[in-house]
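Next up, upload_36.cif (mmCIF, C-alpha atoms):
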data_upload
loop_
_atom_site.label_atom_id
_atom_site.label_comp_id
_atom_site.auth_asym_id
_atom_site.auth_seq_id
_atom_site.Cartn_x
_atom_site.Cartn_y
_atom_site.Cartn_z
CA MET A 275 -36.13 35.99 65.01
CA ALA A 276 -36.06 33.18 67.48
CA ALA A 277 -36.51 30.67 64.70
CA ALA A 278 -33.60 32.19 62.81
CA LEU A 279 -31.36 32.03 65.86
CA ARG A 280 -32.21 28.43 66.65
CA PRO A 281 -29.81 26.71 64.20
CA ALA A 282 -27.03 29.03 65.25
CA ILE A 283 -27.61 28.27 68.92
CA LEU A 284 -27.92 24.56 68.34
CA ARG A 285 -24.65 24.53 66.47
CA ARG A 286 -22.94 26.05 69.49
CA ILE A 287 -24.40 23.76 72.10
CA ARG A 288 -22.16 20.91 73.15
CA LEU A 289 -23.42 18.28 75.50
CA SER A 290 -20.62 17.51 77.84
CA PRO A 291 -20.69 14.21 79.70
CA SER A 292 -21.58 14.51 83.35
CA PRO A 293 -18.50 15.01 85.53
CA PRO A 294 -16.86 11.79 86.65
CA LEU A 295 -17.72 10.66 90.14
CA PRO A 296 -14.89 11.05 92.61
CA LEU A 297 -15.10 7.34 93.36
CA ALA A 298 -12.35 5.67 91.43
CA ALA A 299 -9.77 8.00 92.91
CA ALA A 300 -10.79 7.08 96.43
CA ALA A 301 -11.16 3.36 95.82
CA ALA A 302 -7.69 2.41 97.02
CA GLY A 303 -6.68 2.06 100.64
CA HIS A 304 -8.46 1.05 103.79
CA HIS A 305 -10.82 3.94 104.12
CA PRO A 306 -13.78 3.27 106.44
CA ASN A 307 -16.09 3.97 103.51
CA ALA A 308 -14.26 1.57 101.25
CA LEU A 309 -17.24 -0.75 101.10
CA ALA A 310 -19.72 1.98 100.29
CA ARG A 311 -17.41 3.36 97.65
CA TRP A 312 -16.96 -0.06 96.16
CA LEU A 313 -20.72 -0.64 96.08
CA ALA A 314 -21.27 2.73 94.42
CA ARG A 315 -18.52 2.48 91.83
CA PRO A 316 -19.58 3.49 88.33
CA MET A 317 -21.06 0.84 86.13
CA SER A 318 -19.01 -0.26 83.16
CA SER A 319 -20.48 -0.11 79.70
CA HIS A 320 -19.98 -3.04 77.41
CA ASP A 321 -21.31 -4.55 74.25
CA ALA A 322 -24.43 -6.63 74.55
CA HIS A 323 -22.64 -9.72 73.32
CA LEU A 324 -20.64 -11.40 76.04
CA THR A 325 -18.13 -14.14 75.67
CA ARG A 326 -17.69 -16.58 78.49
CA ASP A 327 -14.11 -15.39 79.03
CA GLU A 328 -15.35 -11.85 79.40
CA VAL A 329 -17.96 -12.95 81.94
CA VAL A 330 -15.28 -14.80 83.93
CA ASP A 331 -12.88 -11.83 83.84
CA ARG A 332 -15.47 -9.32 84.93
CA VAL A 333 -16.86 -11.53 87.71
CA LEU A 334 -13.30 -12.05 88.97
CA ASP A 335 -12.70 -8.30 88.89
CA VAL A 336 -15.85 -7.59 90.90
CA LEU A 337 -14.76 -10.09 93.55
CA LYS A 338 -11.19 -8.83 93.67
CA SER A 339 -12.31 -5.30 94.32
CA HIS A 340 -14.48 -6.15 97.35
CA PRO A 341 -12.77 -4.65 100.41
CA LYS A 342 -12.87 -7.91 102.38
CA VAL A 343 -11.48 -10.12 99.64
CA ASP A 344 -7.81 -11.00 99.24
CA PRO A 345 -7.45 -10.64 95.45
CA SER A 346 -4.81 -13.38 95.30
CA LYS A 347 -7.41 -15.92 96.48
CA VAL A 348 -9.91 -15.13 93.74
CA THR A 349 -10.09 -17.92 91.17
CA PRO A 350 -12.92 -19.03 88.86
CA GLU A 351 -13.48 -21.98 91.22
CA ALA A 352 -13.52 -20.11 94.53
CA HIS A 353 -16.35 -20.46 97.05
CA PHE A 354 -17.37 -17.16 98.63
CA GLU A 355 -17.40 -18.43 102.19
CA LYS A 356 -14.93 -21.32 102.26
CA ASP A 357 -12.23 -19.82 100.04
CA LEU A 358 -12.73 -16.07 100.33
CA GLY A 359 -13.96 -15.86 103.92
CA LEU A 360 -17.11 -13.92 103.08
CA ASP A 361 -20.20 -14.16 105.28
CA SER A 362 -23.77 -14.13 103.98
CA LEU A 363 -24.03 -10.32 104.17
CA ASP A 364 -20.81 -9.93 102.18
CA THR A 365 -22.22 -12.41 99.70
CA VAL A 366 -25.31 -10.24 99.23
CA GLU A 367 -22.99 -7.30 98.48
CA VAL A 368 -20.97 -9.32 95.99
CA VAL A 369 -24.02 -10.67 94.17
CA MET A 370 -25.56 -7.20 94.00
CA ALA A 371 -22.30 -5.83 92.59
CA ILE A 372 -22.36 -8.56 89.93
CA GLU A 373 -25.94 -7.53 89.12
CA GLU A 374 -24.82 -3.99 88.65
CA GLU A 375 -21.73 -4.90 86.64
CA PHE A 376 -23.86 -6.87 84.16
CA LYS A 377 -26.98 -4.69 84.43
CA LEU A 378 -29.13 -7.52 85.71
CA GLU A 379 -31.68 -7.87 88.43
CA ILE A 380 -31.30 -11.22 90.14
CA PRO A 381 -34.44 -12.26 92.05
CA ASP A 382 -33.91 -12.99 95.77
CA GLN A 383 -34.58 -16.70 95.36
CA GLU A 384 -31.87 -17.01 92.73
CA ALA A 385 -29.49 -14.68 94.51
CA ASP A 386 -29.70 -16.76 97.72
CA LYS A 387 -28.33 -19.75 95.81
CA ILE A 388 -25.26 -18.02 94.39
CA ASP A 389 -22.51 -18.79 96.90
CA SER A 390 -19.49 -19.35 94.66
CA LEU A 391 -17.77 -18.01 91.58
CA PRO A 392 -18.76 -20.99 89.42
CA LEU A 393 -22.45 -20.38 90.22
CA ALA A 394 -22.13 -16.63 89.65
CA ILE A 395 -20.35 -17.13 86.33
CA GLU A 396 -22.92 -19.73 85.29
CA TYR A 397 -25.82 -17.44 86.16
CA VAL A 398 -24.44 -14.47 84.22
CA ALA A 399 -23.27 -16.52 81.23
CA ASN A 400 -26.74 -18.06 80.86
CA HIS A 401 -28.61 -14.80 81.33
CA PRO A 402 -29.90 -13.43 78.00
CA MET A 403 -29.94 -9.85 79.28
CA ALA A 404 -26.41 -9.72 80.69
CA GLY A 405 -24.58 -6.76 79.20
CA MET B 131 -22.68 -16.99 110.02
CA ALA B 132 -24.00 -20.37 108.93
CA SER B 133 -23.06 -21.81 105.58
CA HIS B 134 -24.80 -20.17 102.70
CA SER B 135 -26.21 -23.41 101.34
CA LYS B 136 -28.42 -23.91 104.39
CA LEU B 137 -29.89 -20.52 105.10
CA SER B 138 -32.67 -20.52 107.66
CA GLY B 139 -35.94 -18.75 107.02
CA ILE B 140 -35.11 -15.87 109.32
CA GLN B 141 -31.65 -15.53 107.73
CA LYS B 142 -33.27 -15.27 104.31
CA GLN B 143 -35.51 -12.52 105.64
CA VAL B 144 -32.49 -10.61 106.94
CA LEU B 145 -30.65 -10.98 103.63
CA ALA B 146 -33.75 -9.92 101.69
CA LEU B 147 -34.02 -6.82 103.87
CA TYR B 148 -30.33 -6.02 103.35
CA ARG B 149 -30.79 -6.46 99.60
CA GLY B 150 -33.81 -4.17 99.75
CA PHE B 151 -31.76 -1.42 101.40
CA LEU B 152 -28.94 -1.76 98.87
CA ARG B 153 -31.41 -1.69 95.97
CA THR B 154 -33.13 1.38 97.35
CA ALA B 155 -29.79 3.10 97.92
CA ARG B 156 -29.06 2.70 94.20
CA GLN B 157 -31.97 5.03 93.45
CA LYS B 158 -30.39 7.88 95.40
CA ALA B 159 -27.83 10.46 94.37
CA PRO B 160 -24.25 9.07 94.49
CA GLU B 161 -23.32 10.92 97.68
CA ASP B 162 -26.51 9.80 99.48
CA ARG B 163 -26.12 6.32 98.14
CA ARG B 164 -22.62 6.00 99.51
CA ARG B 165 -23.65 7.31 102.91
CA ILE B 166 -26.71 5.07 103.13
CA GLU B 167 -24.71 2.00 102.09
CA SER B 168 -22.07 2.73 104.65
CA VAL B 169 -24.61 3.14 107.49
CA VAL B 170 -26.70 0.14 106.47
CA SER B 171 -23.72 -2.13 105.97
CA ALA B 172 -22.25 -1.20 109.36
CA GLU B 173 -25.60 -1.78 111.08
CA PHE B 174 -26.17 -5.21 109.53
CA HIS B 175 -22.61 -6.39 110.12
CA ASP B 176 -22.69 -5.09 113.73
CA ASN B 177 -25.89 -6.93 114.47
CA ALA B 178 -24.63 -10.07 112.75
CA ARG B 179 -21.65 -10.03 115.12
CA ASN B 180 -23.38 -8.98 118.29
CA VAL B 181 -26.91 -10.36 118.32
CA ASP B 182 -27.33 -13.89 119.61
CA ARG B 183 -28.72 -15.80 116.64
CA ARG B 184 -31.11 -17.74 118.87
CA ASN B 185 -32.72 -14.52 120.07
CA PHE B 186 -35.55 -14.70 117.54
CA VAL B 187 -37.72 -12.19 119.38
CA TYR B 188 -35.06 -9.52 119.12
CA ILE B 189 -34.11 -10.43 115.53
CA GLU B 190 -37.77 -10.21 114.53
CA TYR B 191 -38.00 -6.83 116.22
CA LEU B 192 -34.95 -5.68 114.22
CA LEU B 193 -36.53 -7.03 111.03
CA ARG B 194 -39.73 -5.09 111.66
CA ARG B 195 -37.83 -1.93 112.50
CA GLY B 196 -35.66 -2.34 109.42
CA SER B 197 -38.66 -2.90 107.13
CA LYS B 198 -40.27 0.29 108.39
CA GLN B 199 -37.07 2.24 107.80
CA LEU B 200 -36.76 0.75 104.34
CA GLU B 201 -40.33 1.80 103.49
CA GLN B 202 -39.48 5.36 104.55
CA LEU B 203 -36.27 5.32 102.55
CA LYS B 204 -38.15 4.29 99.41
CA ASN B 205 -39.77 7.69 99.42
CA PRO B 206 -37.83 9.62 96.73
CA ASP B 207 -37.64 12.64 99.04
CA MET B 208 -35.71 10.71 101.65
CA THR B 209 -31.98 11.05 101.18
CA GLY B 210 -30.73 9.54 104.40
CA LEU B 211 -31.29 7.35 107.38
CA ALA B 212 -30.82 9.57 110.40
CA THR B 213 -32.91 7.22 112.56
CA LEU B 214 -30.61 4.29 111.84
CA GLU B 215 -27.74 6.07 113.47
CA VAL B 216 -29.57 6.18 116.81
CA LYS B 217 -28.07 3.28 118.68
CA LYS B 218 -30.26 0.59 120.16
#
Let me see whether you can do it: turn the structure in this file into C-alpha coordinates.
Amino acid sequence: MAAALRPAILRRIRLSPSPPLPLAAAAAGHHPNALARWLARPMSSHDAHLTRDEVVDRVLDVLKSHPKVDPSKVTPEAHFEKDLGLDSLDTVEVVMAIEEEFKLEIPDQEADKIDSLPLAIEYVANHPMAG
Amino acid sequence: MASHSKLSGIQKQVLALYRGFLRTARQKAPEDRRRIESVVSAEFHDNARNVDRRNFVYIEYLLRRGSKQLEQLKNPDMTGLATLEVKK
(Lines of atoms letter the chains of each structure in order from A and count residues from 1; the text may use other names and numbers.)
(Lines give C-alpha, C1' and ligand atoms only; values in the text may rest on other atoms or scores of the structure.)
Protein backbone atom coordinates (compact mmCIF):
# COMPACT_ATOMS: atom_id res chain seq x y z
CA MET A 1 0.00 0.00 0.00
CA ALA A 2 2.59 2.48 1.08
CA ALA A 3 4.77 1.53 -1.85
CA ALA A 4 1.88 2.07 -4.23
CA LEU A 5 1.15 5.48 -2.78
CA ARG A 6 4.74 6.64 -2.94
CA PRO A 7 4.87 7.69 -6.63
CA ALA A 8 1.55 9.47 -6.26
CA ILE A 9 2.78 11.38 -3.22
CA LEU A 10 6.11 12.20 -4.79
CA ARG A 11 4.38 13.59 -7.83
CA ARG A 12 2.45 15.98 -5.62
CA ILE A 13 5.36 17.21 -3.55
CA ARG A 14 6.79 20.51 -4.66
CA LEU A 15 9.88 21.88 -3.02
CA SER A 16 9.34 25.55 -2.62
CA PRO A 17 12.38 27.77 -2.16
CA SER A 18 12.84 29.04 1.36
CA PRO A 19 11.05 32.35 1.93
CA PRO A 20 13.12 35.39 1.03
CA LEU A 21 14.79 37.13 3.94
CA PRO A 22 13.25 40.46 4.81
CA LEU A 23 16.61 42.10 4.29
CA ALA A 24 16.55 43.68 0.89
CA ALA A 25 13.38 45.55 1.71
CA ALA A 26 14.95 47.11 4.77
CA ALA A 27 18.31 47.88 3.20
CA ALA A 28 17.52 51.47 2.29
CA GLY A 29 17.59 54.37 4.71
CA HIS A 30 19.59 55.20 7.79
CA HIS A 31 18.27 52.55 10.09
CA PRO A 32 20.50 51.91 13.13
CA ASN A 33 20.80 48.30 12.00
CA ALA A 34 21.80 49.28 8.50
CA LEU A 35 25.28 47.86 8.96
CA ALA A 36 24.08 44.55 10.34
CA ARG A 37 21.54 44.28 7.56
CA TRP A 38 24.16 45.04 4.99
CA LEU A 39 26.51 42.43 6.44
CA ALA A 40 23.74 39.85 6.44
CA ARG A 41 22.40 40.52 2.97
CA PRO A 42 21.78 37.41 0.90
CA MET A 43 24.64 36.07 -1.13
CA SER A 44 24.35 36.33 -4.88
CA SER A 45 24.68 33.26 -7.01
CA HIS A 46 26.79 33.44 -10.11
CA ASP A 47 28.52 31.25 -12.62
CA ALA A 48 31.88 29.88 -11.64
CA HIS A 49 33.58 31.67 -14.49
CA LEU A 50 34.25 35.30 -13.72
CA THR A 51 35.36 37.97 -16.09
CA ARG A 52 37.48 40.79 -14.77
CA ASP A 53 34.72 43.30 -15.56
CA GLU A 54 32.30 41.26 -13.51
CA VAL A 55 34.73 41.16 -10.59
CA VAL A 56 35.16 44.95 -10.79
CA ASP A 57 31.40 45.57 -10.96
CA ARG A 58 30.58 43.32 -8.04
CA VAL A 59 33.40 44.67 -5.86
CA LEU A 60 32.19 48.21 -6.61
CA ASP A 61 28.64 47.21 -5.69
CA VAL A 62 29.74 45.73 -2.36
CA LEU A 63 31.57 48.95 -1.51
CA LYS A 64 28.72 51.20 -2.62
CA SER A 65 26.26 49.42 -0.39
CA HIS A 66 28.30 49.82 2.81
CA PRO A 67 26.39 52.24 5.06
CA LYS A 68 29.42 54.48 5.65
CA VAL A 69 30.44 54.80 2.02
CA ASP A 70 29.36 57.62 -0.28
CA PRO A 71 28.58 55.63 -3.46
CA SER A 72 29.64 58.53 -5.69
CA LYS A 73 33.21 58.21 -4.38
CA VAL A 74 33.55 54.54 -5.24
CA THR A 75 35.86 54.00 -8.21
CA PRO A 76 38.04 51.02 -9.20
CA GLU A 77 41.05 53.03 -7.98
CA ALA A 78 39.70 54.15 -4.60
CA HIS A 79 41.60 53.60 -1.35
CA PHE A 80 39.36 52.50 1.52
CA GLU A 81 40.75 54.94 4.05
CA LYS A 82 42.04 57.88 2.02
CA ASP A 83 39.24 58.08 -0.55
CA LEU A 84 36.26 56.48 1.17
CA GLY A 85 36.96 57.50 4.77
CA LEU A 86 36.78 53.97 6.15
CA ASP A 87 38.68 53.00 9.30
CA SER A 88 40.31 49.62 9.86
CA LEU A 89 37.15 48.11 11.41
CA ASP A 90 35.08 49.24 8.42
CA THR A 91 37.73 47.73 6.20
CA VAL A 92 37.34 44.37 7.94
CA GLU A 93 33.59 44.57 7.24
CA VAL A 94 34.15 45.43 3.60
CA VAL A 95 36.69 42.66 3.03
CA MET A 96 34.42 40.13 4.75
CA ALA A 97 31.52 41.25 2.55
CA ILE A 98 33.71 40.73 -0.52
CA GLU A 99 34.52 37.24 0.78
CA GLU A 100 30.87 36.49 1.06
CA GLU A 101 29.98 37.99 -2.31
CA PHE A 102 32.55 35.76 -4.04
CA LYS A 103 32.21 32.80 -1.67
CA LEU A 104 35.84 32.97 -0.58
CA GLU A 105 37.60 32.73 2.72
CA ILE A 106 40.44 35.22 2.84
CA PRO A 107 43.05 34.35 5.50
CA ASP A 108 43.70 37.09 8.09
CA GLN A 109 47.21 37.74 6.82
CA GLU A 110 45.94 38.40 3.30
CA ALA A 111 42.89 40.30 4.47
CA ASP A 112 45.03 42.71 6.52
CA LYS A 113 46.81 43.77 3.32
CA ILE A 114 43.68 44.60 1.33
CA ASP A 115 43.18 48.33 1.89
CA SER A 116 42.00 49.53 -1.52
CA LEU A 117 39.75 48.57 -4.40
CA PRO A 118 42.67 47.75 -6.72
CA LEU A 119 44.01 45.23 -4.18
CA ALA A 120 40.57 43.75 -3.55
CA ILE A 121 39.87 43.40 -7.27
CA GLU A 122 43.31 41.89 -7.82
CA TYR A 123 42.82 39.37 -5.02
CA VAL A 124 39.42 38.20 -6.26
CA ALA A 125 40.39 38.16 -9.95
CA ASN A 126 43.40 35.96 -9.17
CA HIS A 127 41.54 33.62 -6.86
CA PRO A 128 40.74 30.29 -8.56
CA MET A 129 37.76 29.65 -6.29
CA ALA A 130 36.01 33.00 -6.69
CA GLY A 131 32.43 32.42 -7.77
CA MET B 1 42.71 54.87 13.40
CA ALA B 2 46.21 54.54 11.98
CA SER B 3 46.73 53.90 8.31
CA HIS B 4 45.96 50.39 7.26
CA SER B 5 49.35 49.80 5.71
CA LYS B 6 51.11 50.05 9.07
CA LEU B 7 48.96 48.09 11.45
CA SER B 8 50.53 47.46 14.83
CA GLY B 9 50.56 44.02 16.38
CA ILE B 10 47.82 44.85 18.86
CA GLN B 11 45.71 46.39 16.09
CA LYS B 12 46.02 43.20 14.08
CA GLN B 13 44.84 41.25 17.12
CA VAL B 14 41.79 43.51 17.46
CA LEU B 15 40.95 43.16 13.76
CA ALA B 16 41.42 39.38 13.92
CA LEU B 17 39.03 39.24 16.88
CA TYR B 18 36.48 41.39 15.03
CA ARG B 19 36.79 39.11 12.00
CA GLY B 20 36.32 36.10 14.27
CA PHE B 21 33.05 37.52 15.60
CA LEU B 22 31.75 38.32 12.12
CA ARG B 23 32.70 34.85 10.87
CA THR B 24 30.99 33.20 13.82
CA ALA B 25 27.89 35.35 13.34
CA ARG B 26 27.60 33.96 9.80
CA GLN B 27 26.96 30.52 11.28
CA LYS B 28 23.85 31.71 13.12
CA ALA B 29 20.27 32.08 11.96
CA PRO B 30 19.72 35.31 9.97
CA GLU B 31 17.91 37.10 12.80
CA ASP B 32 20.58 36.16 15.36
CA ARG B 33 23.31 36.99 12.92
CA ARG B 34 21.97 40.47 12.35
CA ARG B 35 21.60 41.12 16.06
CA ILE B 36 25.07 39.81 16.89
CA GLU B 37 26.66 41.85 14.10
CA SER B 38 24.92 44.97 15.26
CA VAL B 39 26.03 44.52 18.90
CA VAL B 40 29.59 43.52 18.01
CA SER B 41 30.05 46.30 15.48
CA ALA B 42 28.77 48.93 17.91
CA GLU B 43 31.06 47.63 20.67
CA PHE B 44 34.19 47.62 18.51
CA HIS B 45 33.51 51.03 16.98
CA ASP B 46 32.70 52.50 20.42
CA ASN B 47 35.93 51.23 21.89
CA ALA B 48 37.90 52.37 18.85
CA ARG B 49 36.57 55.89 19.46
CA ASN B 50 36.76 55.98 23.21
CA VAL B 51 39.69 53.90 24.39
CA ASP B 52 43.06 55.63 24.47
CA ARG B 53 45.17 53.65 22.02
CA ARG B 54 48.20 53.85 24.30
CA ASN B 55 46.30 52.12 27.10
CA PHE B 56 47.66 48.69 26.24
CA VAL B 57 46.70 47.17 29.58
CA TYR B 58 43.05 48.01 29.04
CA ILE B 59 43.10 47.04 25.35
CA GLU B 60 44.64 43.68 26.25
CA TYR B 61 41.95 43.19 28.88
CA LEU B 62 39.29 43.91 26.23
CA LEU B 63 41.00 41.46 23.86
CA ARG B 64 40.95 38.72 26.48
CA ARG B 65 37.34 39.42 27.37
CA GLY B 66 36.38 39.46 23.70
CA SER B 67 38.17 36.17 22.99
CA LYS B 68 36.30 34.49 25.82
CA GLN B 69 32.99 35.80 24.53
CA LEU B 70 33.87 34.65 21.03
CA GLU B 71 34.65 31.14 22.31
CA GLN B 72 31.23 31.04 23.97
CA LEU B 73 29.52 32.31 20.86
CA LYS B 74 31.11 29.55 18.78
CA ASN B 75 28.95 27.09 20.65
CA PRO B 76 26.12 26.30 18.19
CA ASP B 77 23.59 26.60 21.01
CA MET B 78 24.51 30.22 21.65
CA THR B 79 22.34 32.59 19.68
CA GLY B 80 23.27 35.87 21.26
CA LEU B 81 25.68 37.95 23.25
CA ALA B 82 23.76 39.15 26.27
CA THR B 83 26.99 39.69 28.22
CA LEU B 84 28.33 42.08 25.60
CA GLU B 85 25.50 44.45 26.23
CA VAL B 86 26.57 44.92 29.86
CA LYS B 87 28.49 48.16 29.75
CA LYS B 88 32.01 48.36 31.08
For chain B, work out the contacting residues on chain A at 7 Å, counting only C-alpha atoms, and write them as a ChimeraX atom specification.
/A:307,309-311,314,361-363,366,382,387,389
With all atoms listed in the file as the basis for distance, which of B:Leu147, B:Ser138, B:Gln202, B:Leu211 is at the shortest distance from Arg184 in chain B?
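Among the listed residues, the smallest separation from Arg184 in chain B belongs to B:Ser138.
Across the structure, CA of Glu201 in chain B and CA of Ile372 in chain A are spaced 24.8 Å apart.
Minimum distance to Ile395 in chain A across A:Glu351, A:Asp344, A:Glu374, A:Asp364 (counting all atoms listed in the file) occurs at A:Glu351.
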Could you list, as a PDB file with C-alpha atoms, keeping the file's coordinate frame, every residue matched by the PyMOL selection byres ((chain A and resi 339) around 10) in this structure?
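Final output, saved to selection34.pdb:
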ATOM      1  CA  ALA A 301     -11.160   3.360  95.820  1.00  0.00           C
ATOM      2  CA  ALA A 302      -7.690   2.410  97.020  1.00  0.00           C
ATOM      3  CA  ALA A 308     -14.260   1.570 101.250  1.00  0.00           C
ATOM      4  CA  LEU A 309     -17.240  -0.750 101.100  1.00  0.00           C
ATOM      5  CA  TRP A 312     -16.960  -0.060  96.160  1.00  0.00           C
ATOM      6  CA  LEU A 313     -20.720  -0.640  96.080  1.00  0.00           C
ATOM      7  CA  LEU A 334     -13.300 -12.050  88.970  1.00  0.00           C
ATOM      8  CA  ASP A 335     -12.700  -8.300  88.890  1.00  0.00           C
ATOM      9  CA  VAL A 336     -15.850  -7.590  90.900  1.00  0.00           C
ATOM     10  CA  LEU A 337     -14.760 -10.090  93.550  1.00  0.00           C
ATOM     11  CA  LYS A 338     -11.190  -8.830  93.670  1.00  0.00           C
ATOM     12  CA  HIS A 340     -14.480  -6.150  97.350  1.00  0.00           C
ATOM     13  CA  PRO A 341     -12.770  -4.650 100.410  1.00  0.00           C
ATOM     14  CA  LYS A 342     -12.870  -7.910 102.380  1.00  0.00           C
ATOM     15  CA  VAL A 343     -11.480 -10.120  99.640  1.00  0.00           C
ATOM     16  CA  ASP A 344      -7.810 -11.000  99.240  1.00  0.00           C
ATOM     17  CA  PRO A 345      -7.450 -10.640  95.450  1.00  0.00           C
ATOM     18  CA  VAL A 368     -20.970  -9.320  95.990  1.00  0.00           C
TER      19      VAL A 368
END
Pull out every residue that the PyMOL selection byres ((chain A and resi 332) around 12) matches in the shown coordinates and put them as number ranges by chain.
A: 317-320, 324-331, 333-339, 348-350, 371-376, 391, 394-395, 398-399, 404-405
I'd like to see the residues matched by the PyMOL selection byres ((chain A and resi 358) around 8) on this file, and ideally I'd get them as a list in words.
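Selected by the PyMOL selection byres ((chain A and resi 358) around 8) in this file: Val343, Asp344, Lys347, Val348, Ala352, His353, Phe354, Glu355, Lys356, Asp357, Gly359 and Leu360 of chain A.
Between CA of Asp182 in chain B and CA of Gly210 in chain B lies a distance of 28.1 Å.
CA of Asn205 in chain B to CA of Ala159 in chain B spans 13.3 Å [interatomic distance, one decimal].
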